[in-house]
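K.L.:
Please see the structure below; I have some questions.
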Amino acid sequence: MSDPNHDWLEEELESLRDLEAPPTLLPNVMKKVRERAGRLWWTRLVESRAELLRSLVLGVSLVMLVLMLLVNPAQFLSRVPGATALLNLIPLLLDAAKSALFEAKVFNFSVLGIFAPAIILSYILLVAIASTIQHLANTRK
């Protein structure tokens, strides 16, 4: 293999023999072919377009998300009757949550001071476990 003028790949390809399919494969393949041929033409057309339809739905969803980010939905929702109360309620709820996290005390610690390290440590543990599993899967191969 160290000779640059010798084509080792061609020799290896020529020495390969043809592999035969197992005898149980042909009946399964023919069964699937007969099932597909027995379906109506429009069902075959719909099945082949399923991936295209999924992609179209995903694209439309992304366009709508971008439009929602660009256009201020609160401006349009404020014109809907009854929505102004909800729009006034959201900042009040956010302010209440902020004050609960910063001002509520448990053993002289704020609730945020207790939850934040637990959340950060659990995330670090999750990343460490995932990387360990990935490392073990790679060494197993």
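FYI, nothing fancy with the structure tokens labels: chains A, B, ... in order, residues from 1 per chain, ligands from 1 as they appear.
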Give me every alpha helix (DSSP H) residue in chain A, going by DSSP on the backbone, as a ChimeraX atom specification.
P.N.:
/A:8-15,25-38,41-48,50-70,73-77,83-103,111-140
K.L.:
Using DSSP on the backbone coordinates, identify the residues of region 74-140 of chain A assigned to strand (DSSP E); present them as a PyMOL selection string.
P.N.:
chain A and resi 105-106+109-110
K.L.:
To one decimal place, how far is CA of Leu101 (chain A) from CA of Ala116 (chain A) in Å?
P.N.:
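That distance, rounded to one decimal, is 10.2 Å.
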K.L.:
Using only C-alpha atoms, which residues sit within 12 Å of Leu112 (chain A) once same-chain residues fewer than 6 positions away are excluded, as a list in words?
P.N.:
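Everything that qualifies: Ala97, Lys98, Ser99, Ala100, Leu101, Phe102, Glu103, Ala104, Lys105, Val106, Ala118, Ile119 and Ile120 of chain A.
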